[in-house]
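Working notes, structure below.
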Amino acid sequence: MVNSVVSYRRVGRVGVITVDYPPVNAVGLAVRAGLVAALAQGVEDADAALLLLTANGRTFMAGADIREFGKPHQPPVLPDVIAAFDACPKPTIAAIHGTALGGGLEIAMACHYRVALSSAKLGLPEVKLGLMPGSGGTQRLPRLIGPAKALDMILSGDPVSASQALADGLIDAMDDGDSVLEAGLRLADRARAEGWPARPTSGRTDRITGTDPTLFATHRAALAKRVPHLFSPHRCVDAVEAAVTLPFADGVARERSLFLACMESPQRAGLIHAFFAEREVAKIPGLPTDTPKRDVRTVAVIGAGTMGGGIAMCFTNAGFPVRLLDSGADALDRGVQAIRRKHEASAKRGKLTAAQVDARMALIHPTLSYADLSDADLVIEAAFESLEVKQRIFAELDRVCKAGAILATNTSTLDINAIADATHRPQDVVGMHFFSPANVMKLLENVRGARTADDVVATVMDLSRRIGKVGVLVGVCYGFVGNRILHQRGRESMALIDEGASPEQVDRVLTAFGFPLGHFAMTDLAGIDVGWRIREERRKAGDPESQAVNWLDALAEQGRFGQKTGAGVYRYEPGSRTPLPDPAVAALIAEDRAKRGLTPRAVSDDEIRDRCLYVMVNEAAKILEEGIAARAVDIDAIWLHGYRFPAHRGGLLFWADHVGLPVIAQAIQGYHATLGGHPWELSPLLRRLADEGRGFHSL
Ligand code: COA
């Protein structure tokens with residue numbers, strides 16, 4: 001044993017260094033110190049002809065320890081560990097299983113040879129955390145696979161399969177066995193038999209000589225177009241260029257200074273917050289991790305429309321058999337065909353094989369009869385958004401479902417407690433609010449009703465992860481967390497148009513902030529008819545909060561529902577999703593303002609940004625105060641995964657903390673004085689945190 005997480009032993013003439021630091025063998029201080037000591041021991045060991053580096057548990061080293069980022073690093077630092085492996089006088093082999101990522105792959109690349117199990121994946125995901133490989137990765141990868149492929153890997157951050165790695169030259173051998181140690185020892189035997197020498201990657205130049213110099217200009221131009229606002233991708237190109245233009249040691253020095261600049265960037269802090277937020281939301285305050293979970297094997301979905309079909313796909317994609325129920329044979333048939341078409345479109349794009357499409361379709365069991373749901377472990381209702389309809393369905397479920405079945409509703413607006421009242425088992429009723437398109441969007445708001453049992457909450461949170469979603473637990477209120485905040489942004493966007501901004505200007509400001517779509521382009525994507533119908537219902541019901549008919553409603557009345565009808569707030573050329581400003585809409589807005597006696601003024605971009613975002617922050621603070629969301633991180637994750645809030649800003653409330661709550665509180669008070677209205681009443685929580693000089697994440 002070298003230290004508590006790294007061991008050295010000999011197997012025959014092979015010195016085996018093993019890292020054992022669960023869960024993912026992240027290269028923290030203890031691992032770094034252990035590796036240096038174990039390597040020294042292996043070099044000293046006269047009976048070791050070569051050295052094999054491997055890891056225990058589910059994976060090879062999955063990167064530097066992200067929790068140490070932003071804090072001073074104690075020696076030995078990773079570049080020194082890696083330099084020691086590179087310079088080892090004995091041949092070194094890395095044997096890889098699971099995921100060799102980031103610093104883990106950088107260590108593997110500093111070994112002289114590499115073998116991976118065929119199930120392994122190898123990648124440099126640093127760019128996704130606002131960073132770049134900073135311990136020689138940008139210098140060694142081009143030396144192994146050439147600069148063009150290295151740029152693809154480093155800029156995408158996506159891992160490659162072992163077979164791809166073998167084809168590219170990143171590894172020297174692939175092993176079909178399931179023991180990584182045996183795979184490593186097999187390659188070590190071959191290396192000894194064939195007399196493989198020590199072969200530092202730093203000394204190799206065959207893949208980098210003769211690099212086409214236009215490669216870097218092409219990448220720079222593409223990045224300037226695709227991600228102009230991101231910091232680290234541009235530095236990645238500079239670093240790989242250094243690999244082909246500078247001697248190795250100078251390239252490493254250049255990489256280091258670029259890496260440190262990324263480390264200092266607020267984008268790095270934001271992206272790392274987003275990484276941990278995704279994982280943090282799974283840990284529910286007050287719900288012990290050993291809370292028992294109900295066994296879920298069979299799922300039923302009620303409603304074969306767009307939402308129900310998408311939800312069914314989420315489960316069949318994860319291997320669950322799904323009963324899909326609709327009340328009409330035609331609707332059911334249309335729903336099943338729509339699912340098949342979506343799978344076939346994926347197959348066309350090479351994402352699924354024909355056999356996989358068939359296997360997924362075989363898991364769907366269409367039915368018209370509630371009796372067929374009697375053995376389902378989980379039923380998700382995705383029927384028409386009406387309390388009466390849903391209460392009828394839940395009363396029926398109460399009658400037919402087995403004891404202990406979880407009864408979930410996908411409602412986006414209705415009161416879960418009122419739905420639970422239709423049953424004699426409110427403890428089994430929960431909300432599972434999927435976001436459209438359900439098979440694509442990662443967010444799942446799991447809504448805990450007043451009487452939902454703990455084991456039901458634990459089960460749906462666990463299931464979220466199993467079907468590849470980010471599940472966030474929320475409480476009951478109109479719109480829950482995500483849509484309640486969205487509603488405020490939408491209302492404010494409409495107010496800005498009334499005052500003189502154009503939809504294009506609002507959208508331009510939001511996309512400049514980092515949203516992939518502006519508010520109005522998103523409305524066109526979701527369909528204007530959705531909000532219009534909800535507003536019509538509320539108006540008919542005499543809801544005093546419902547807004548008067550506006551120009552958006554007028555568009556819907558003209559049949560301009562958005563992208564799906566080729567026109568909405570914007571117009572669309574046939575077959576194109578690019579929003580184009582439409583003079584007819586500008587005229588409609590002008591007419592609407594005139595009718596209401598409003599005089600338009602020039603609205604600045606800064607005002608648009610501040611009003612759209614601060615009103616969201618204020619609403620989020622109220623949601624926290626009411627306990628509808630437990631923590632700031634939950635709201636961050638909801639907006640990151642349900643609405644594509646720019647990840648490099650960390651999340652809505654992480655961004656707010658960064659701006660400073662006193663600044664935001666003061667602005668909100670100013671808007672309340674000039675604009676008035678409930679949404680601009682400053683949240684007492686926000687006021688208190690601002691007064692105390694604290695942020696949302698200090699709660
Ligand atoms: N440093 C510190 N902690 C890490 C980590 C890292 N590099 N990678 C993962 N973890 C932690 C996670 O936060 C999680 O902790 P928790 O259980 O307390 O929530 C735990 O390890 C397991 O990770 P998780 O992502 O839930 O497991 P997984 O099996 O789904 O995925 C990985 C494993 C390695 C693929 C995934 O965690 C990952 O992509 N990690 C980041 C790798 C990376 O970016 N490395 C480069 C760093 S420069």
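Labeling convention for the structure tokens: chains A, B, ... as they appear, residues from 1 per chain, ligands from 1 in order of appearance.
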Can you tell me which residues sit at most 10 Å away from ligand 1, counting only C-alpha atoms and all ligand atoms, written as a ChimeraX atom specification? /A:22-28,58-69,98-106,121,123-135,157-159,272,275-283,465,468
For Val237 (chain A), work out the shell of residues within 12 Å, counting only C-alpha atoms and skipping chain neighbours fewer than 3 positions away, then give it as a PyMOL selection string. chain A and resi 127+132-133+138-139+142+147-148+150-156+215-224+231-234+240-244+254-255+258-259
Excluding Ile485 (chain A) and any residue of its chain fewer than 2 positions from it, enumerate the residues within 10 Å of it, using only C-alpha atoms, and give them as JSON, numbers by chain. {"A": [479, 480, 481, 482, 483, 487, 488, 489, 490, 613, 615, 616, 617, 618, 619, 620, 623, 635, 639]}
Okay, now the selection with N, CA and C atoms, as an mmCIF file, in the first residue's frame?
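The resulting selection12.cif:
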data_model
loop_
_atom_site.group_PDB
_atom_site.id
_atom_site.type_symbol
_atom_site.label_atom_id
_atom_site.label_comp_id
_atom_site.auth_asym_id
_atom_site.auth_seq_id
_atom_site.Cartn_x
_atom_site.Cartn_y
_atom_site.Cartn_z
ATOM 1 N N GLY A 479 -48.632 26.570 -11.981
ATOM 2 C CA GLY A 479 -47.449 26.602 -12.855
ATOM 3 C C GLY A 479 -46.215 25.968 -12.244
ATOM 4 N N PHE A 480 -46.330 25.510 -10.992
ATOM 5 C CA PHE A 480 -45.175 24.958 -10.263
ATOM 6 C C PHE A 480 -44.006 25.944 -10.331
ATOM 7 N N VAL A 481 -42.772 25.463 -10.486
ATOM 8 C CA VAL A 481 -41.658 26.425 -10.397
ATOM 9 C C VAL A 481 -41.307 27.017 -11.764
ATOM 10 N N GLY A 482 -41.054 26.118 -12.732
ATOM 11 C CA GLY A 482 -40.546 26.584 -14.022
ATOM 12 C C GLY A 482 -41.514 27.519 -14.728
ATOM 13 N N ASN A 483 -42.752 27.074 -14.921
ATOM 14 C CA ASN A 483 -43.705 27.877 -15.689
ATOM 15 C C ASN A 483 -44.174 29.110 -14.930
ATOM 16 N N HIS A 487 -43.866 32.545 -16.704
ATOM 17 C CA HIS A 487 -45.039 33.408 -16.867
ATOM 18 C C HIS A 487 -44.654 34.867 -16.600
ATOM 19 N N GLN A 488 -43.826 35.077 -15.593
ATOM 20 C CA GLN A 488 -43.412 36.458 -15.286
ATOM 21 C C GLN A 488 -42.554 37.037 -16.409
ATOM 22 N N ARG A 489 -41.650 36.203 -16.957
ATOM 23 C CA ARG A 489 -40.837 36.714 -18.062
ATOM 24 C C ARG A 489 -41.723 37.054 -19.260
ATOM 25 N N GLY A 490 -42.718 36.207 -19.513
ATOM 26 C CA GLY A 490 -43.615 36.429 -20.647
ATOM 27 C C GLY A 490 -44.422 37.694 -20.458
ATOM 28 N N LEU A 613 -35.083 39.589 -16.599
ATOM 29 C CA LEU A 613 -34.403 38.664 -15.689
ATOM 30 C C LEU A 613 -34.679 38.976 -14.219
ATOM 31 N N VAL A 615 -37.310 40.241 -12.878
ATOM 32 C CA VAL A 615 -38.658 39.845 -12.470
ATOM 33 C C VAL A 615 -38.694 38.329 -12.226
ATOM 34 N N MET A 616 -37.868 37.600 -12.979
ATOM 35 C CA MET A 616 -37.767 36.151 -12.754
ATOM 36 C C MET A 616 -37.109 35.869 -11.400
ATOM 37 N N VAL A 617 -36.057 36.620 -11.101
ATOM 38 C CA VAL A 617 -35.348 36.405 -9.832
ATOM 39 C C VAL A 617 -36.294 36.698 -8.662
ATOM 40 N N ASN A 618 -37.085 37.763 -8.777
ATOM 41 C CA ASN A 618 -38.015 38.120 -7.704
ATOM 42 C C ASN A 618 -39.047 37.012 -7.491
ATOM 43 N N GLU A 619 -39.568 36.476 -8.600
ATOM 44 C CA GLU A 619 -40.564 35.397 -8.496
ATOM 45 C C GLU A 619 -39.915 34.154 -7.873
ATOM 46 N N ALA A 620 -38.665 33.874 -8.300
ATOM 47 C CA ALA A 620 -37.956 32.707 -7.755
ATOM 48 C C ALA A 620 -37.771 32.864 -6.249
ATOM 49 N N ILE A 623 -40.904 31.975 -4.585
ATOM 50 C CA ILE A 623 -41.091 30.516 -4.623
ATOM 51 C C ILE A 623 -40.288 29.853 -3.489
ATOM 52 N N ILE A 635 -33.985 25.611 -8.279
ATOM 53 C CA ILE A 635 -34.485 26.552 -9.291
ATOM 54 C C ILE A 635 -33.451 26.687 -10.417
ATOM 55 N N TRP A 639 -34.307 25.752 -14.456
ATOM 56 C CA TRP A 639 -34.155 26.649 -15.605
ATOM 57 C C TRP A 639 -33.048 26.201 -16.555
#
Counting only C-alpha atoms, closest pick from A:Ala554, A:Ser386, A:Asn410, A:Asp330 relative to Glu537 (chain A) is A:Ser386
Test item, strand (DSSP E or B) assignment across region 149-356 of chain A, answer as a list in words: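 Taking region 149-356 of chain A and keeping strand (DSSP E or B) only, one gets Val160, Ser161, Ala173, Met174, Asp175, Val299, Ala300, Val301, Ile302, Val322, Arg323, Leu324 and Leu325 of chain A.
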Just C-alpha atoms for this one: save the residues we selected as a PDB file, in the first residue's frame.
ATOM      1  CA  VAL A 160     -15.108   8.434 -27.941  1.00  0.00           C
ATOM      2  CA  SER A 161     -15.643   4.677 -27.771  1.00  0.00           C
ATOM      3  CA  ALA A 173      -5.079  -2.280 -27.989  1.00  0.00           C
ATOM      4  CA  MET A 174      -8.703  -3.042 -27.173  1.00  0.00           C
ATOM      5  CA  ASP A 175      -9.686  -5.989 -25.017  1.00  0.00           C
ATOM      6  CA  VAL A 299     -45.599   1.655 -16.579  1.00  0.00           C
ATOM      7  CA  ALA A 300     -48.884   2.899 -18.027  1.00  0.00           C
ATOM      8  CA  VAL A 301     -49.477   6.228 -19.758  1.00  0.00           C
ATOM      9  CA  ILE A 302     -52.940   7.692 -20.214  1.00  0.00           C
ATOM     10  CA  VAL A 322     -45.530   0.654 -21.349  1.00  0.00           C
ATOM     11  CA  ARG A 323     -49.309   0.303 -21.627  1.00  0.00           C
ATOM     12  CA  LEU A 324     -50.519   3.270 -23.641  1.00  0.00           C
ATOM     13  CA  LEU A 325     -54.184   4.047 -23.102  1.00  0.00           C
TER      14      LEU A 325
END
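With distances restricted to only C-alpha atoms, A:Arg484 is the closest residue to Ile638 (chain A) from A:Arg484, A:Arg334, A:Lys351, A:Lys149.
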For Leu686 (chain A), work out the shell of residues within 8 Å, counting only C-alpha atoms and skipping chain neighbours fewer than 5 positions away, then give it as an mmCIF file with N, CA, C and O atoms, in the first residue's frame.
data_model
loop_
_atom_site.group_PDB
_atom_site.id
_atom_site.type_symbol
_atom_site.label_atom_id
_atom_site.label_comp_id
_atom_site.auth_asym_id
_atom_site.auth_seq_id
_atom_site.Cartn_x
_atom_site.Cartn_y
_atom_site.Cartn_z
ATOM 1 N N ASN A 618 -37.085 37.763 -8.777
ATOM 2 C CA ASN A 618 -38.015 38.120 -7.704
ATOM 3 C C ASN A 618 -39.047 37.012 -7.491
ATOM 4 O O ASN A 618 -39.347 36.628 -6.365
ATOM 5 N N ALA A 621 -37.477 34.081 -5.805
ATOM 6 C CA ALA A 621 -37.300 34.316 -4.363
ATOM 7 C C ALA A 621 -38.616 34.044 -3.629
ATOM 8 O O ALA A 621 -38.630 33.454 -2.540
ATOM 9 N N LEU A 661 -27.160 40.701 -4.978
ATOM 10 C CA LEU A 661 -28.572 40.894 -4.639
ATOM 11 C C LEU A 661 -28.908 42.350 -4.283
ATOM 12 O O LEU A 661 -30.023 42.800 -4.583
ATOM 13 N N ALA A 665 -32.099 44.019 -5.887
ATOM 14 C CA ALA A 665 -33.181 44.492 -5.007
ATOM 15 C C ALA A 665 -33.471 45.966 -5.274
ATOM 16 O O ALA A 665 -34.638 46.378 -5.357
#
DSSP helix (DSSP H, G or I) selection over region 172-330 of chain A, as a PyMOL selection string: chain A and resi 180-194+201-203+214-226+232-245+248-264+266-280+306-317+329-330
Leaving out region 389-403 of chain A and any residue of its chain fewer than 6 positions from it, which residues lie within 10 Å of it when counting only C-alpha atoms, given as a ChimeraX atom specification? /A:302,370-379,381-383,409,411,414,416,418-426,428-429
Can those selected residues be exported to a file as a compact mmCIF listing (two decimals), in the first residue's frame so that it contains N, CA, C and O atoms?
# COMPACT_ATOMS: atom_id res chain seq x y z
N ILE A 302 -51.57 7.41 -19.75
CA ILE A 302 -52.94 7.69 -20.21
C ILE A 302 -52.92 8.92 -21.11
O ILE A 302 -52.48 9.99 -20.69
N TYR A 370 -59.23 0.48 -19.28
CA TYR A 370 -58.60 0.71 -17.98
C TYR A 370 -58.28 -0.60 -17.26
O TYR A 370 -57.35 -0.65 -16.46
N ALA A 371 -59.06 -1.65 -17.56
CA ALA A 371 -58.82 -2.93 -16.89
C ALA A 371 -57.39 -3.41 -17.14
O ALA A 371 -56.78 -4.07 -16.30
N ASP A 372 -56.81 -3.01 -18.30
CA ASP A 372 -55.45 -3.44 -18.63
C ASP A 372 -54.38 -2.74 -17.78
O ASP A 372 -53.20 -3.05 -17.87
N LEU A 373 -54.80 -1.77 -16.98
CA LEU A 373 -53.81 -1.06 -16.16
C LEU A 373 -53.71 -1.65 -14.76
O LEU A 373 -53.00 -1.12 -13.90
N SER A 374 -54.45 -2.75 -14.54
CA SER A 374 -54.57 -3.24 -13.16
C SER A 374 -53.23 -3.69 -12.57
O SER A 374 -53.06 -3.67 -11.36
N ASP A 375 -52.28 -4.09 -13.41
CA ASP A 375 -51.02 -4.55 -12.82
C ASP A 375 -49.89 -3.52 -12.98
O ASP A 375 -48.73 -3.81 -12.69
N ALA A 376 -50.20 -2.30 -13.44
CA ALA A 376 -49.13 -1.31 -13.63
C ALA A 376 -48.59 -0.85 -12.27
O ALA A 376 -49.35 -0.69 -11.32
N ASP A 377 -47.27 -0.66 -12.21
CA ASP A 377 -46.66 -0.17 -10.96
C ASP A 377 -46.70 1.35 -10.90
O ASP A 377 -46.66 1.94 -9.83
N LEU A 378 -46.73 1.97 -12.09
CA LEU A 378 -46.77 3.43 -12.17
C LEU A 378 -47.69 3.80 -13.32
O LEU A 378 -47.53 3.27 -14.43
N VAL A 379 -48.64 4.70 -13.05
CA VAL A 379 -49.50 5.20 -14.13
C VAL A 379 -49.25 6.70 -14.23
O VAL A 379 -49.27 7.40 -13.22
N GLU A 381 -50.75 10.02 -16.00
CA GLU A 381 -51.88 10.55 -16.77
C GLU A 381 -51.42 11.79 -17.53
O GLU A 381 -50.82 12.70 -16.95
N ALA A 382 -51.65 11.79 -18.85
CA ALA A 382 -51.30 12.94 -19.69
C ALA A 382 -52.50 13.27 -20.56
O ALA A 382 -52.41 13.34 -21.78
N ALA A 383 -53.64 13.45 -19.91
CA ALA A 383 -54.88 13.72 -20.65
C ALA A 383 -55.11 15.23 -20.73
O ALA A 383 -54.28 16.02 -20.31
N THR A 409 -49.73 12.45 -12.25
CA THR A 409 -50.35 13.30 -13.26
C THR A 409 -49.29 14.20 -13.88
O THR A 409 -48.39 14.66 -13.19
N THR A 411 -50.02 17.05 -15.13
CA THR A 411 -50.59 18.40 -15.23
C THR A 411 -49.51 19.47 -15.12
O THR A 411 -48.53 19.29 -14.40
N LEU A 414 -52.68 22.32 -12.81
CA LEU A 414 -53.78 22.02 -11.89
C LEU A 414 -53.28 21.60 -10.51
O LEU A 414 -52.12 21.21 -10.34
N ILE A 416 -52.61 19.39 -7.64
CA ILE A 416 -52.41 17.94 -7.45
C ILE A 416 -53.28 17.44 -6.28
O ILE A 416 -53.78 16.32 -6.31
N ALA A 418 -56.19 18.47 -5.35
CA ALA A 418 -57.59 18.30 -5.78
C ALA A 418 -57.72 17.03 -6.63
O ALA A 418 -58.75 16.35 -6.60
N ILE A 419 -56.67 16.70 -7.38
CA ILE A 419 -56.70 15.46 -8.18
C ILE A 419 -56.63 14.26 -7.24
O ILE A 419 -57.37 13.28 -7.39
N ALA A 420 -55.78 14.37 -6.22
CA ALA A 420 -55.64 13.27 -5.25
C ALA A 420 -56.95 13.02 -4.51
O ALA A 420 -57.27 11.88 -4.14
N ASP A 421 -57.73 14.10 -4.30
CA ASP A 421 -59.01 13.97 -3.60
C ASP A 421 -59.99 13.04 -4.31
O ASP A 421 -60.93 12.54 -3.70
N ALA A 422 -59.78 12.84 -5.61
CA ALA A 422 -60.69 11.97 -6.36
C ALA A 422 -60.41 10.49 -6.07
O ALA A 422 -61.10 9.62 -6.58
N THR A 423 -59.37 10.21 -5.28
CA THR A 423 -59.02 8.81 -4.98
C THR A 423 -59.15 8.56 -3.47
O THR A 423 -59.28 9.51 -2.69
N HIS A 424 -59.06 7.29 -3.10
CA HIS A 424 -59.01 6.96 -1.67
C HIS A 424 -57.57 6.71 -1.25
O HIS A 424 -57.31 6.13 -0.20
N ARG A 425 -56.62 7.07 -2.11
CA ARG A 425 -55.21 6.81 -1.79
C ARG A 425 -54.34 8.02 -2.15
O ARG A 425 -53.43 7.89 -2.99
N PRO A 426 -54.61 9.16 -1.54
CA PRO A 426 -53.85 10.38 -1.89
C PRO A 426 -52.36 10.22 -1.64
O PRO A 426 -51.55 10.92 -2.27
N ASP A 428 -50.56 7.95 -2.68
CA ASP A 428 -49.93 7.37 -3.88
C ASP A 428 -49.93 8.34 -5.06
O ASP A 428 -49.42 8.02 -6.13
N VAL A 429 -50.53 9.52 -4.86
CA VAL A 429 -50.68 10.47 -5.98
C VAL A 429 -49.55 11.51 -5.95
O VAL A 429 -49.22 12.06 -4.89
Set the distance at 12 Å and use only C-alpha atoms: which residues neighbour Ile664 (chain A) once local chain neighbours fewer than 6 positions away are removed? I'd like the list as a PyMOL selection string. chain A and resi 610-611+613-618+621+653+655-658+670-671+680+682-683+686-687+689-691+695
Excluding Ser4 (chain A) and any residue of its chain fewer than 3 positions from it, enumerate the residues within 8 Å of it, using only C-alpha atoms, and give them as a VMD selection string. chain A and resid 1 7 30
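From CA of Arg32 (chain A) back to CA of Leu185 (chain A), the distance works out to 23.2 Å.
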